[in-house]
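Text of the file entry34.cif, holding mmCIF, C-alpha atoms (C1' of nucleotides):
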data_data
#
loop_
_atom_site.group_PDB
_atom_site.id
_atom_site.type_symbol
_atom_site.label_atom_id
_atom_site.label_comp_id
_atom_site.auth_asym_id
_atom_site.auth_seq_id
_atom_site.Cartn_x
_atom_site.Cartn_y
_atom_site.Cartn_z
ATOM 1 C CA MET A 1 74.840 5.426 188.861
ATOM 2 C CA THR A 2 76.059 7.128 185.723
ATOM 3 C CA ASN A 3 75.185 10.430 187.341
ATOM 4 C CA ILE A 4 77.298 9.600 190.373
ATOM 5 C CA ALA A 5 80.155 8.460 188.141
ATOM 6 C CA THR A 6 79.932 11.751 186.254
ATOM 7 C CA LEU A 7 79.942 13.674 189.522
ATOM 8 C CA VAL A 8 83.000 11.781 190.768
ATOM 9 C CA PHE A 9 84.725 12.399 187.454
ATOM 10 C CA LEU A 10 83.938 16.113 187.566
ATOM 11 C CA TRP A 11 85.004 16.441 191.196
ATOM 12 C CA ASP A 12 88.279 14.689 190.408
ATOM 13 C CA ASN A 13 88.935 17.146 187.616
ATOM 14 C CA ILE A 14 88.095 20.116 189.795
ATOM 15 C CA LEU A 15 90.663 18.883 192.349
ATOM 16 C CA LYS A 16 93.306 18.482 189.631
ATOM 17 C CA LEU A 17 92.543 21.948 188.285
ATOM 18 C CA LYS A 18 92.822 23.428 191.768
ATOM 19 C CA GLU A 19 96.134 21.616 192.226
ATOM 20 C CA ASN A 20 97.394 23.184 189.011
ATOM 21 C CA ILE A 21 96.268 26.657 189.986
ATOM 22 C CA MET A 22 97.795 26.346 193.459
ATOM 23 C CA LYS A 23 101.058 24.982 192.079
ATOM 24 C CA GLU A 24 103.973 27.237 192.890
ATOM 25 C CA ARG A 25 105.272 29.215 190.003
ATOM 26 C CA SER A 26 108.671 30.839 189.908
ATOM 27 C CA PHE A 27 108.790 34.536 189.092
ATOM 28 C CA THR A 28 111.971 36.590 188.877
ATOM 29 C CA ILE A 29 111.983 40.330 188.336
ATOM 30 C CA ALA A 30 114.891 42.741 187.921
ATOM 31 C CA THR A 31 115.344 46.494 187.639
ATOM 32 C CA PHE A 32 118.160 48.297 185.823
ATOM 33 C CA ASN A 33 118.909 51.958 185.206
ATOM 34 C CA ALA A 34 120.590 51.835 181.797
ATOM 35 C CA ASN A 35 121.664 55.459 181.332
ATOM 36 C CA GLY A 36 121.291 54.903 177.584
ATOM 37 C CA ILE A 37 119.951 51.477 176.566
ATOM 38 C CA ARG A 38 121.810 51.439 173.240
ATOM 39 C CA ALA A 39 125.109 51.936 175.041
ATOM 40 C CA ARG A 40 124.284 49.077 177.457
ATOM 41 C CA LEU A 41 123.130 46.317 175.104
ATOM 42 C CA HIS A 42 126.512 44.600 175.532
ATOM 43 C CA ILE A 43 125.639 44.300 179.223
ATOM 44 C CA ILE A 44 121.877 43.741 179.064
ATOM 45 C CA LEU A 45 121.773 40.986 176.396
ATOM 46 C CA PRO A 46 124.301 38.583 177.993
ATOM 47 C CA TRP A 47 122.735 39.317 181.386
ATOM 48 C CA LEU A 48 119.304 38.293 180.085
ATOM 49 C CA ASP A 49 120.835 35.080 178.671
ATOM 50 C CA ASP A 50 122.368 34.304 182.086
ATOM 51 C CA TYR A 51 119.403 35.046 184.314
ATOM 52 C CA ASN A 52 116.302 34.315 182.213
ATOM 53 C CA VAL A 53 114.214 36.714 184.277
ATOM 54 C CA ASP A 54 110.463 36.835 183.853
ATOM 55 C CA CYS A 55 110.513 40.613 183.750
ATOM 56 C CA LEU A 56 113.270 43.199 183.366
ATOM 57 C CA CYS A 57 112.321 46.800 184.107
ATOM 58 C CA ILE A 58 114.644 49.416 182.614
ATOM 59 C CA GLN A 59 114.863 53.136 183.290
ATOM 60 C CA GLU A 60 116.731 55.935 181.511
ATOM 61 C CA THR A 61 116.684 54.289 178.107
ATOM 62 C CA LYS A 62 117.410 57.766 176.658
ATOM 63 C CA VAL A 63 115.964 56.927 173.280
ATOM 64 C CA GLN A 64 112.996 58.019 171.184
ATOM 65 C CA ASP A 65 110.500 55.262 170.359
ATOM 66 C CA LYS A 66 111.450 55.259 166.666
ATOM 67 C CA ASP A 67 115.083 54.467 167.557
ATOM 68 C CA PHE A 68 114.422 51.880 170.313
ATOM 69 C CA PRO A 69 116.293 48.620 169.588
ATOM 70 C CA VAL A 70 113.137 46.466 169.556
ATOM 71 C CA GLU A 71 114.596 43.820 167.201
ATOM 72 C CA VAL A 72 117.451 42.683 169.448
ATOM 73 C CA PHE A 73 114.893 41.686 172.060
ATOM 74 C CA GLU A 74 112.224 40.330 169.739
ATOM 75 C CA GLU A 75 114.680 38.107 167.889
ATOM 76 C CA ARG A 76 115.388 36.517 171.282
ATOM 77 C CA GLY A 77 111.690 35.802 171.755
ATOM 78 C CA LEU A 78 111.216 38.640 174.247
ATOM 79 C CA ASN A 79 108.330 41.086 174.333
ATOM 80 C CA VAL A 80 109.120 44.743 174.881
ATOM 81 C CA VAL A 81 106.941 47.606 176.081
ATOM 82 C CA PHE A 82 108.628 51.010 176.023
ATOM 83 C CA ARG A 83 108.188 54.748 175.886
ATOM 84 C CA GLY A 84 110.901 57.373 175.661
ATOM 85 C CA GLN A 85 111.935 60.880 174.800
ATOM 86 C CA LYS A 86 114.895 62.278 172.904
ATOM 87 C CA SER A 87 118.001 62.165 175.115
ATOM 88 C CA TYR A 88 116.219 61.958 178.482
ATOM 89 C CA ASN A 89 114.217 59.545 180.619
ATOM 90 C CA GLY A 90 112.596 56.564 178.894
ATOM 91 C CA VAL A 91 111.353 53.286 180.409
ATOM 92 C CA ALA A 92 111.015 49.740 179.108
ATOM 93 C CA VAL A 93 109.665 46.390 180.269
ATOM 94 C CA ILE A 94 111.186 43.249 178.765
ATOM 95 C CA THR A 95 109.563 39.841 179.272
ATOM 96 C CA PRO A 96 109.311 36.415 177.654
ATOM 97 C CA HIS A 97 105.644 36.278 178.719
ATOM 98 C CA PRO A 98 102.555 37.735 177.093
ATOM 99 C CA VAL A 99 102.295 41.292 178.348
ATOM 100 C CA GLU A 100 99.533 43.830 178.353
ATOM 101 C CA THR A 101 100.206 47.540 178.696
ATOM 102 C CA VAL A 102 97.917 49.020 181.324
ATOM 103 C CA PHE A 103 99.052 52.633 180.972
ATOM 104 C CA PHE A 104 102.047 54.959 180.599
ATOM 105 C CA GLY A 105 102.678 57.686 183.154
ATOM 106 C CA PHE A 106 99.647 58.052 185.381
ATOM 107 C CA PRO A 107 96.214 56.961 184.202
ATOM 108 C CA ASP A 108 94.003 59.766 182.938
ATOM 109 C CA ASN A 109 96.884 62.214 182.830
ATOM 110 C CA ASP A 110 96.837 64.991 180.288
ATOM 111 C CA ARG A 111 99.274 63.266 177.922
ATOM 112 C CA ASN A 112 102.418 64.460 179.646
ATOM 113 C CA ARG A 113 105.259 63.087 177.545
ATOM 114 C CA GLU A 114 107.820 63.238 180.326
ATOM 115 C CA GLU A 115 105.576 61.353 182.750
ATOM 116 C CA GLU A 116 104.826 58.731 180.121
ATOM 117 C CA ALA A 117 108.562 58.319 179.541
ATOM 118 C CA ARG A 118 109.043 57.808 183.293
ATOM 119 C CA GLN A 119 106.459 55.170 184.135
ATOM 120 C CA ILE A 120 104.952 52.029 182.634
ATOM 121 C CA CYS A 121 102.269 49.848 184.185
ATOM 122 C CA VAL A 122 101.916 46.364 182.732
ATOM 123 C CA GLN A 123 100.048 43.170 183.446
ATOM 124 C CA ILE A 124 101.844 39.807 183.211
ATOM 125 C CA ALA A 125 99.490 36.928 184.031
ATOM 126 C CA ASP A 126 97.819 37.933 187.315
ATOM 127 C CA LEU A 127 100.636 40.285 188.309
ATOM 128 C CA THR A 128 100.515 44.056 187.938
ATOM 129 C CA ILE A 129 103.960 45.635 187.567
ATOM 130 C CA VAL A 130 104.672 49.357 187.752
ATOM 131 C CA ASN A 131 108.103 50.387 186.473
ATOM 132 C CA SER A 132 109.015 53.927 187.551
ATOM 133 C CA TYR A 133 111.812 56.367 186.957
ATOM 134 C CA VAL A 134 111.001 58.803 189.749
ATOM 135 C CA PRO A 135 112.259 62.367 189.076
ATOM 136 C CA GLN A 136 115.586 63.018 190.784
ATOM 137 C CA GLY A 137 114.566 66.469 192.036
ATOM 138 C CA ARG A 138 117.742 68.484 191.274
ATOM 139 C CA SER A 139 117.900 70.318 194.634
ATOM 140 C CA ILE A 140 115.585 70.580 197.624
ATOM 141 C CA ASP A 141 114.721 74.231 196.813
ATOM 142 C CA ASN A 142 113.929 73.428 193.162
ATOM 143 C CA PRO A 143 110.306 73.024 191.959
ATOM 144 C CA ALA A 144 111.461 69.686 190.524
ATOM 145 C CA PHE A 145 111.847 68.446 194.103
ATOM 146 C CA GLN A 146 108.185 69.217 194.833
ATOM 147 C CA ARG A 147 107.223 67.283 191.696
ATOM 148 C CA LYS A 148 109.321 64.388 192.999
ATOM 149 C CA LEU A 149 107.472 64.392 196.330
ATOM 150 C CA GLN A 150 104.160 64.567 194.453
ATOM 151 C CA TRP A 151 105.206 61.534 192.394
ATOM 152 C CA PHE A 152 105.187 59.410 195.558
ATOM 153 C CA SER A 153 101.771 60.686 196.684
ATOM 154 C CA ARG A 154 100.349 60.151 193.194
ATOM 155 C CA ILE A 155 101.729 56.594 193.159
ATOM 156 C CA LEU A 156 100.128 55.977 196.535
ATOM 157 C CA ASN A 157 96.750 57.264 195.283
ATOM 158 C CA LEU A 158 97.048 55.160 192.161
ATOM 159 C CA LEU A 159 97.951 51.937 193.982
ATOM 160 C CA ASP A 160 95.226 52.502 196.545
ATOM 161 C CA GLU A 161 92.458 53.443 194.117
ATOM 162 C CA LYS A 162 93.199 51.060 191.224
ATOM 163 C CA PHE A 163 94.622 48.036 193.031
ATOM 164 C CA GLY A 164 94.792 47.879 196.828
ATOM 165 C CA PRO A 165 97.291 46.244 199.213
ATOM 166 C CA SER A 166 95.796 42.762 198.829
ATOM 167 C CA SER A 167 96.202 42.581 195.030
ATOM 168 C CA PRO A 168 99.370 41.040 193.556
ATOM 169 C CA LEU A 169 101.432 44.105 192.735
ATOM 170 C CA ILE A 170 105.084 44.947 192.195
ATOM 171 C CA TRP A 171 106.339 48.540 192.113
ATOM 172 C CA CYS A 172 109.947 48.765 191.043
ATOM 173 C CA GLY A 173 112.475 51.027 189.421
ATOM 174 C CA ASP A 174 114.772 53.935 190.093
ATOM 175 C CA MET A 175 113.034 55.584 193.035
ATOM 176 C CA ASN A 176 115.852 58.092 193.602
ATOM 177 C CA VAL A 177 115.567 57.622 197.357
ATOM 178 C CA ALA A 178 117.810 55.905 199.879
ATOM 179 C CA PRO A 179 115.237 54.898 202.512
ATOM 180 C CA GLU A 180 117.557 54.494 205.520
ATOM 181 C CA PRO A 181 120.978 55.747 206.664
ATOM 182 C CA ILE A 182 122.465 52.308 205.861
ATOM 183 C CA ASP A 183 121.378 52.817 202.254
ATOM 184 C CA VAL A 184 123.952 55.527 201.504
ATOM 185 C CA TYR A 185 127.595 56.283 202.293
ATOM 186 C CA ALA A 186 128.216 59.148 204.742
ATOM 187 C CA PRO A 187 124.486 59.662 205.483
ATOM 188 C CA GLU A 188 125.290 62.470 207.947
ATOM 189 C CA LEU A 189 126.413 64.571 204.979
ATOM 190 C CA LYS A 190 123.363 63.795 202.851
ATOM 191 C CA GLU A 191 120.527 65.365 204.860
ATOM 192 C CA ASN A 192 119.965 68.058 202.239
ATOM 193 C CA HIS A 193 120.412 65.738 199.279
ATOM 194 C CA VAL A 194 117.316 65.205 197.086
ATOM 195 C CA CYS A 195 117.717 61.434 197.431
ATOM 196 C CA PHE A 196 118.032 61.418 201.234
ATOM 197 C CA HIS A 197 116.155 64.466 202.556
ATOM 198 C CA ARG A 198 113.683 63.474 205.291
ATOM 199 C CA SER A 199 110.732 64.548 203.146
ATOM 200 C CA VAL A 200 111.473 62.018 200.357
ATOM 201 C CA ARG A 201 112.299 59.281 202.814
ATOM 202 C CA GLU A 202 108.968 59.908 204.529
ATOM 203 C CA ALA A 203 107.075 60.020 201.219
ATOM 204 C CA PHE A 204 108.641 56.676 200.289
ATOM 205 C CA LYS A 205 107.998 55.096 203.677
ATOM 206 C CA LYS A 206 104.346 56.112 203.530
ATOM 207 C CA ILE A 207 104.001 53.686 200.625
ATOM 208 C CA LEU A 208 105.708 50.893 202.584
ATOM 209 C CA LYS A 209 103.349 51.579 205.464
ATOM 210 C CA TRP A 210 100.367 51.441 203.104
ATOM 211 C CA GLY A 211 101.254 47.836 202.296
ATOM 212 C CA MET A 212 104.414 47.223 200.320
ATOM 213 C CA SER A 213 107.643 45.527 201.344
ATOM 214 C CA ASP A 214 111.160 46.400 200.245
ATOM 215 C CA CYS A 215 112.068 43.000 198.766
ATOM 216 C CA PHE A 216 115.832 43.423 199.122
ATOM 217 C CA ARG A 217 115.492 44.187 202.849
ATOM 218 C CA LEU A 218 113.268 41.139 203.403
ATOM 219 C CA ILE A 219 116.258 38.987 202.459
ATOM 220 C CA HIS A 220 119.062 41.256 203.742
ATOM 221 C CA PRO A 221 117.735 43.082 206.808
ATOM 222 C CA GLY A 222 120.190 45.601 208.265
ATOM 223 C CA GLU A 223 122.981 44.698 205.876
ATOM 224 C CA PRO A 224 125.109 47.809 205.231
ATOM 225 C CA GLU A 225 127.032 48.838 202.098
ATOM 226 C CA GLN A 226 124.533 47.261 199.709
ATOM 227 C CA TYR A 227 124.289 49.837 196.954
ATOM 228 C CA SER A 228 122.575 49.882 193.567
ATOM 229 C CA PHE A 229 124.043 53.134 192.231
ATOM 230 C CA PHE A 230 127.537 54.557 192.078
ATOM 231 C CA ASP A 231 128.156 58.053 190.733
ATOM 232 C CA TYR A 232 130.531 57.657 187.803
ATOM 233 C CA ARG A 233 132.042 61.058 188.546
ATOM 234 C CA ILE A 234 133.571 59.674 191.730
ATOM 235 C CA PRO A 235 136.776 57.799 190.900
ATOM 236 C CA ARG A 236 136.695 54.097 191.884
ATOM 237 C CA ALA A 237 133.317 54.596 193.609
ATOM 238 C CA VAL A 238 132.537 50.853 193.626
ATOM 239 C CA GLU A 239 135.825 49.802 195.223
ATOM 240 C CA ARG A 240 135.548 52.674 197.723
ATOM 241 C CA LYS A 241 131.927 51.729 198.464
ATOM 242 C CA LEU A 242 130.681 55.259 197.758
ATOM 243 C CA GLY A 243 127.192 54.314 196.637
ATOM 244 C CA TRP A 244 123.464 54.564 197.150
ATOM 245 C CA ARG A 245 120.655 52.002 197.338
ATOM 246 C CA ILE A 246 118.027 53.924 195.360
ATOM 247 C CA ASP A 247 116.715 51.228 192.979
ATOM 248 C CA HIS A 248 114.020 49.153 194.594
ATOM 249 C CA ILE A 249 111.592 46.291 194.122
ATOM 250 C CA LEU A 250 108.537 46.675 196.325
ATOM 251 C CA ALA A 251 105.700 44.197 196.516
ATOM 252 C CA THR A 252 102.317 43.848 198.198
ATOM 253 C CA ALA A 253 101.792 41.043 200.748
ATOM 254 C CA PRO A 254 100.495 38.332 198.363
ATOM 255 C CA VAL A 255 103.755 38.640 196.404
ATOM 256 C CA ALA A 256 106.217 39.661 199.138
ATOM 257 C CA SER A 257 105.143 36.793 201.419
ATOM 258 C CA ASN A 258 106.444 34.405 198.747
ATOM 259 C CA ILE A 259 109.897 35.918 198.318
ATOM 260 C CA LYS A 260 112.740 33.419 198.047
ATOM 261 C CA ASP A 261 115.744 35.601 197.196
ATOM 262 C CA SER A 262 116.878 39.135 196.388
ATOM 263 C CA PHE A 263 120.278 40.583 195.520
ATOM 264 C CA ILE A 264 122.117 43.404 193.819
ATOM 265 C CA ASP A 265 124.213 42.262 190.862
ATOM 266 C CA LEU A 266 127.031 44.709 190.208
ATOM 267 C CA GLU A 267 129.175 42.331 188.163
ATOM 268 C CA PRO A 268 128.048 43.724 184.783
ATOM 269 C CA ARG A 269 129.696 47.037 185.690
ATOM 270 C CA LYS A 270 133.092 45.450 185.197
ATOM 271 C CA LYS A 271 132.506 44.578 181.552
ATOM 272 C CA ASN A 272 134.041 47.149 179.211
ATOM 273 C CA LYS A 273 132.569 50.488 180.202
ATOM 274 C CA PRO A 274 130.909 51.036 183.565
ATOM 275 C CA SER A 275 127.144 51.398 183.747
ATOM 276 C CA ASP A 276 125.993 53.763 186.434
ATOM 277 C CA HIS A 277 123.548 51.340 188.000
ATOM 278 C CA THR A 278 123.346 47.643 188.797
ATOM 279 C CA PHE A 279 120.708 44.951 188.414
ATOM 280 C CA VAL A 280 118.495 44.595 191.469
ATOM 281 C CA VAL A 281 116.816 41.190 191.441
ATOM 282 C CA ALA A 282 113.953 39.581 193.373
ATOM 283 C CA HIS A 283 112.834 35.962 193.081
ATOM 284 C CA PHE A 284 109.441 34.630 194.184
ATOM 285 C CA GLN A 285 107.606 31.301 194.304
ATOM 286 C CA LEU A 286 104.053 32.453 193.713
ATOM 287 C "C1'" DA B 1 134.029 75.156 197.973
ATOM 288 C "C1'" DT B 2 130.263 72.481 195.138
ATOM 289 C "C1'" DG B 3 134.429 69.135 191.715
ATOM 290 C "C1'" DG B 4 134.499 64.546 188.995
ATOM 291 C "C1'" DT B 5 132.086 61.662 183.814
ATOM 292 C "C1'" DA B 6 128.693 59.256 180.615
ATOM 293 C "C1'" DG B 7 125.184 59.483 177.332
ATOM 294 C "C1'" DT B 8 122.664 61.665 173.885
ATOM 295 C "C1'" DA B 9 123.127 64.012 169.914
ATOM 296 C "C1'" DA B 10 124.924 68.018 168.105
ATOM 297 C "C1'" DA B 11 125.478 72.545 172.269
ATOM 298 C "C1'" DA B 12 124.083 71.806 176.445
ATOM 299 C "C1'" DC B 13 121.620 69.297 179.666
ATOM 300 C "C1'" DT B 14 120.711 65.781 183.209
ATOM 301 C "C1'" DA B 15 122.315 62.800 186.594
#

Serialized structure, C-alpha cells:
Amino acid sequence: MTNIATLVFLWDNILKLKENIMKERSFTIATFNANGIRARLHIILPWLDDYNVDCLCIQETKVQDKDFPVEVFEERGLNVVFRGQKSYNGVAVITPHPVETVFFGFPDNDRNREEEARQICVQIADLTIVNSYVPQGRSIDNPAFQRKLQWFSRILNLLDEKFGPSSPLIWCGDMNVAPEPIDVYAPELKENHVCFHRSVREAFKKILKWGMSDCFRLIHPGEPEQYSFFDYRIPRAVERKLGWRIDHILATAPVASNIKDSFIDLEPRKKNKPSDHTFVVAHFQL
DNA sequence: ATGGTAGTAAAACTA
C-alpha cells in the first residue's frame, strides 16, 4: 500500500510539474535602431521603465565596448550583451533575465569585427534570439549590396543548420528591407533602392518561406503607412508619412503561433531630439 | 538632378 501511495504522490507531482511547464508565460520583445546609444539614453531608459520588456534589441549603438554605458542598465537590474566599433554599427541586447551569449556575428567566422558589431545571438530561457543590423548596401551596383544579399543567405544557412523552423527562435533587428510595396512611401520610385530592390525583397522573403513569420503583419495584415524608420534629412517626415518599415521581428512557428500583439511605437521620437527609428514591439504568451 | 541632418569624434563617413 505504501508503494501505491508513493506512486500516487509521485504522479500527482508530475502532473503539477507539467502544469507549471505548460503554464503560459508572457514574453515581450522590442527592436530599436538607436543611431548612437549614448545620445538616446533619454529615450531608451524611460521607455524601458514604461514597457518592462523581456528583451530589447538595439542596433547602431555607435560606441566602442570600453565606452558602452553598461552601468545605467545594470543599476536598473538589467543584463546587457553588446559589441561595437568606433563610430559605426554596434549591437546590444538588454534583458532583465539571465542571458547567455551564443555568438557574435556568424558562428565560426574569421573574427570579422564589423560582422560581430552587426549581429548578436543570445539565449534567454528556451528562446534563441538573433539581433541583426543588416548592412544597408549603399547602392545596388556597390559590392556592399552583394554583401547585404549574402547576409540574408548566411542567416538562412545559420537558422537552418543550427536551429530549424520548429525550434523557438526570434530573428529581429534593422533588416534594411521593406518587404512589400505597402511598407514604403512611393514604392514605384524605390525599385532601385537598396532597401526595396527585388533582389533584397526576395532574399528576405526566402527566410519567411523557410519558416518565419513577420510578427507585425500577423497582427496588422495589409495595414498601410506603418513605418519604423523616417529619414531625418526629410523635413517633417513623420507628419508627412514619408517612412519605411525596415525593422522587423520574425519568429518561427512555436513562437509566432502564440503572438498576442505587435505595434510600432513612434512616440519617443517626439521627446527632445528625434531618433531616426522607432520601437517595434511584439508580445507573446508562450 | 541626387538634396536634406544626426551622430561620432575630430575630418569625414555612414545612413

Where's the centre, and what are the edge lengths in Å to one decimal, of a box along x, y and z enclosing all listed atoms of region 1-11 of chain B padded 4 Å per side, as lines of an AutoDock Vina configuration file?
center_x = 128.6
center_y = 67.2
center_z = 183.0
size_x = 19.8
size_y = 23.9
size_z = 37.9

#### Entry: Proximal residues of chain A relative to chain B (all atoms listed in the file; 12 Å) as a PyMOL selection string
chain A and resi 33-40+60-64+85-89+135-139+176+194-195+229-237+273-277

### Query
When the PyMOL selection byres ((chain A and resi 200) around 10) is applied to the file above, which residues end up in the set, as a ChimeraX atom specification?
/A:137,140,145-146,148-150,152,175-179,193-199,201-206

### Task
To verify the selection step, state as a PyMOL selection string which residues the PyMOL selection byres ((chain A and resi 53) around 6) yields on this input.
chain A and resi 28-29+51-52+54-55

### Task
Could you tell me how far CA of Arg217 (chain A) lies from CA of Gly90 (chain A), in Å and to one decimal?
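Between these atoms lies a distance of 27.1 Å.
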
### Residue with smallest distance to Asp108 (chain A) - pool A:Ala92, A:Val280, A:Leu158, A:Phe27, counting all atoms listed in the file
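Closest to Asp108 (chain A), using all atoms listed in the file: A:Leu158.
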
### Task
Determine the residue membership of the PyMOL selection byres ((chain A and resi 77-81) around 7) for the file above and supply it as a list in words.
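This file gives the following for the PyMOL selection byres ((chain A and resi 77-81) around 7): Val70, Phe73, Glu74, Glu75, Arg76, Phe82, Ala92, Val93, Ile94, Thr95 and Pro96 of chain A.
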
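Between CA of Cys57 (chain A) and CA of Val72 (chain A) the interatomic distance comes to 16.1 Å.
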
### Query
Distance CA of Arg147 (chain A)-CA of Asp160 (chain A), one decimal place?
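Calculated distance between CA of Arg147 (chain A) and CA of Asp160 (chain A) is 19.6 Å.
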
Quick one: region 28-36 of chain A with all heavy atoms, as a PDB file, keeping the file's coordinate frame?
ATOM      1  N   THR A  28     110.799  35.772 188.568  1.00  0.00           N
ATOM      2  CA  THR A  28     111.971  36.590 188.877  1.00  0.00           C
ATOM      3  C   THR A  28     111.873  37.916 188.151  1.00  0.00           C
ATOM      4  O   THR A  28     111.610  37.961 186.948  1.00  0.00           O
ATOM      5  CB  THR A  28     113.279  35.871 188.465  1.00  0.00           C
ATOM      6  OG1 THR A  28     113.291  34.580 189.058  1.00  0.00           O
ATOM      7  CG2 THR A  28     114.504  36.642 188.938  1.00  0.00           C
ATOM      8  N   ILE A  29     112.046  38.991 188.914  1.00  0.00           N
ATOM      9  CA  ILE A  29     111.983  40.330 188.336  1.00  0.00           C
ATOM     10  C   ILE A  29     113.282  41.077 188.634  1.00  0.00           C
ATOM     11  O   ILE A  29     113.926  40.815 189.653  1.00  0.00           O
ATOM     12  CB  ILE A  29     110.741  41.099 188.872  1.00  0.00           C
ATOM     13  CG1 ILE A  29     110.552  42.426 188.128  1.00  0.00           C
ATOM     14  CG2 ILE A  29     110.812  41.314 190.379  1.00  0.00           C
ATOM     15  CD1 ILE A  29     109.173  43.039 188.315  1.00  0.00           C
ATOM     16  N   ALA A  30     113.676  41.952 187.714  1.00  0.00           N
ATOM     17  CA  ALA A  30     114.891  42.741 187.921  1.00  0.00           C
ATOM     18  C   ALA A  30     114.667  44.165 187.457  1.00  0.00           C
ATOM     19  O   ALA A  30     113.816  44.425 186.591  1.00  0.00           O
ATOM     20  CB  ALA A  30     116.054  42.121 187.157  1.00  0.00           C
ATOM     21  N   THR A  31     115.407  45.091 188.053  1.00  0.00           N
ATOM     22  CA  THR A  31     115.344  46.494 187.639  1.00  0.00           C
ATOM     23  C   THR A  31     116.746  47.007 187.351  1.00  0.00           C
ATOM     24  O   THR A  31     117.707  46.631 188.022  1.00  0.00           O
ATOM     25  CB  THR A  31     114.601  47.350 188.703  1.00  0.00           C
ATOM     26  OG1 THR A  31     114.558  48.706 188.253  1.00  0.00           O
ATOM     27  CG2 THR A  31     115.268  47.290 190.065  1.00  0.00           C
ATOM     28  N   PHE A  32     116.848  47.831 186.301  1.00  0.00           N
ATOM     29  CA  PHE A  32     118.160  48.297 185.823  1.00  0.00           C
ATOM     30  C   PHE A  32     118.050  49.699 185.256  1.00  0.00           C
ATOM     31  O   PHE A  32     117.259  49.938 184.323  1.00  0.00           O
ATOM     32  CB  PHE A  32     118.658  47.333 184.738  1.00  0.00           C
ATOM     33  CG  PHE A  32     119.990  47.691 184.142  1.00  0.00           C
ATOM     34  CD1 PHE A  32     121.160  47.602 184.882  1.00  0.00           C
ATOM     35  CD2 PHE A  32     120.089  48.103 182.816  1.00  0.00           C
ATOM     36  CE1 PHE A  32     122.400  47.920 184.323  1.00  0.00           C
ATOM     37  CE2 PHE A  32     121.317  48.415 182.242  1.00  0.00           C
ATOM     38  CZ  PHE A  32     122.470  48.323 183.007  1.00  0.00           C
ATOM     39  N   ASN A  33     118.817  50.628 185.807  1.00  0.00           N
ATOM     40  CA  ASN A  33     118.909  51.958 185.206  1.00  0.00           C
ATOM     41  C   ASN A  33     120.009  51.906 184.173  1.00  0.00           C
ATOM     42  O   ASN A  33     121.178  51.713 184.507  1.00  0.00           O
ATOM     43  CB  ASN A  33     119.196  53.021 186.273  1.00  0.00           C
ATOM     44  CG  ASN A  33     119.311  54.420 185.660  1.00  0.00           C
ATOM     45  OD1 ASN A  33     120.027  54.624 184.688  1.00  0.00           O
ATOM     46  ND2 ASN A  33     118.614  55.375 186.217  1.00  0.00           N
ATOM     47  N   ALA A  34     119.640  52.054 182.889  1.00  0.00           N
ATOM     48  CA  ALA A  34     120.590  51.835 181.797  1.00  0.00           C
ATOM     49  C   ALA A  34     121.488  53.037 181.529  1.00  0.00           C
ATOM     50  O   ALA A  34     122.628  52.873 181.117  1.00  0.00           O
ATOM     51  CB  ALA A  34     119.826  51.473 180.528  1.00  0.00           C
ATOM     52  N   ASN A  35     120.976  54.243 181.763  1.00  0.00           N
ATOM     53  CA  ASN A  35     121.664  55.459 181.332  1.00  0.00           C
ATOM     54  C   ASN A  35     122.052  55.330 179.852  1.00  0.00           C
ATOM     55  O   ASN A  35     123.227  55.415 179.492  1.00  0.00           O
ATOM     56  CB  ASN A  35     122.887  55.753 182.215  1.00  0.00           C
ATOM     57  CG  ASN A  35     123.517  57.113 181.890  1.00  0.00           C
ATOM     58  OD1 ASN A  35     122.869  58.000 181.338  1.00  0.00           O
ATOM     59  ND2 ASN A  35     124.797  57.264 182.202  1.00  0.00           N
ATOM     60  N   GLY A  36     121.059  55.104 179.020  1.00  0.00           N
ATOM     61  CA  GLY A  36     121.291  54.903 177.584  1.00  0.00           C
ATOM     62  C   GLY A  36     121.241  53.430 177.237  1.00  0.00           C
ATOM     63  O   GLY A  36     122.237  52.731 177.348  1.00  0.00           O
TER      64      GLY A  36
END
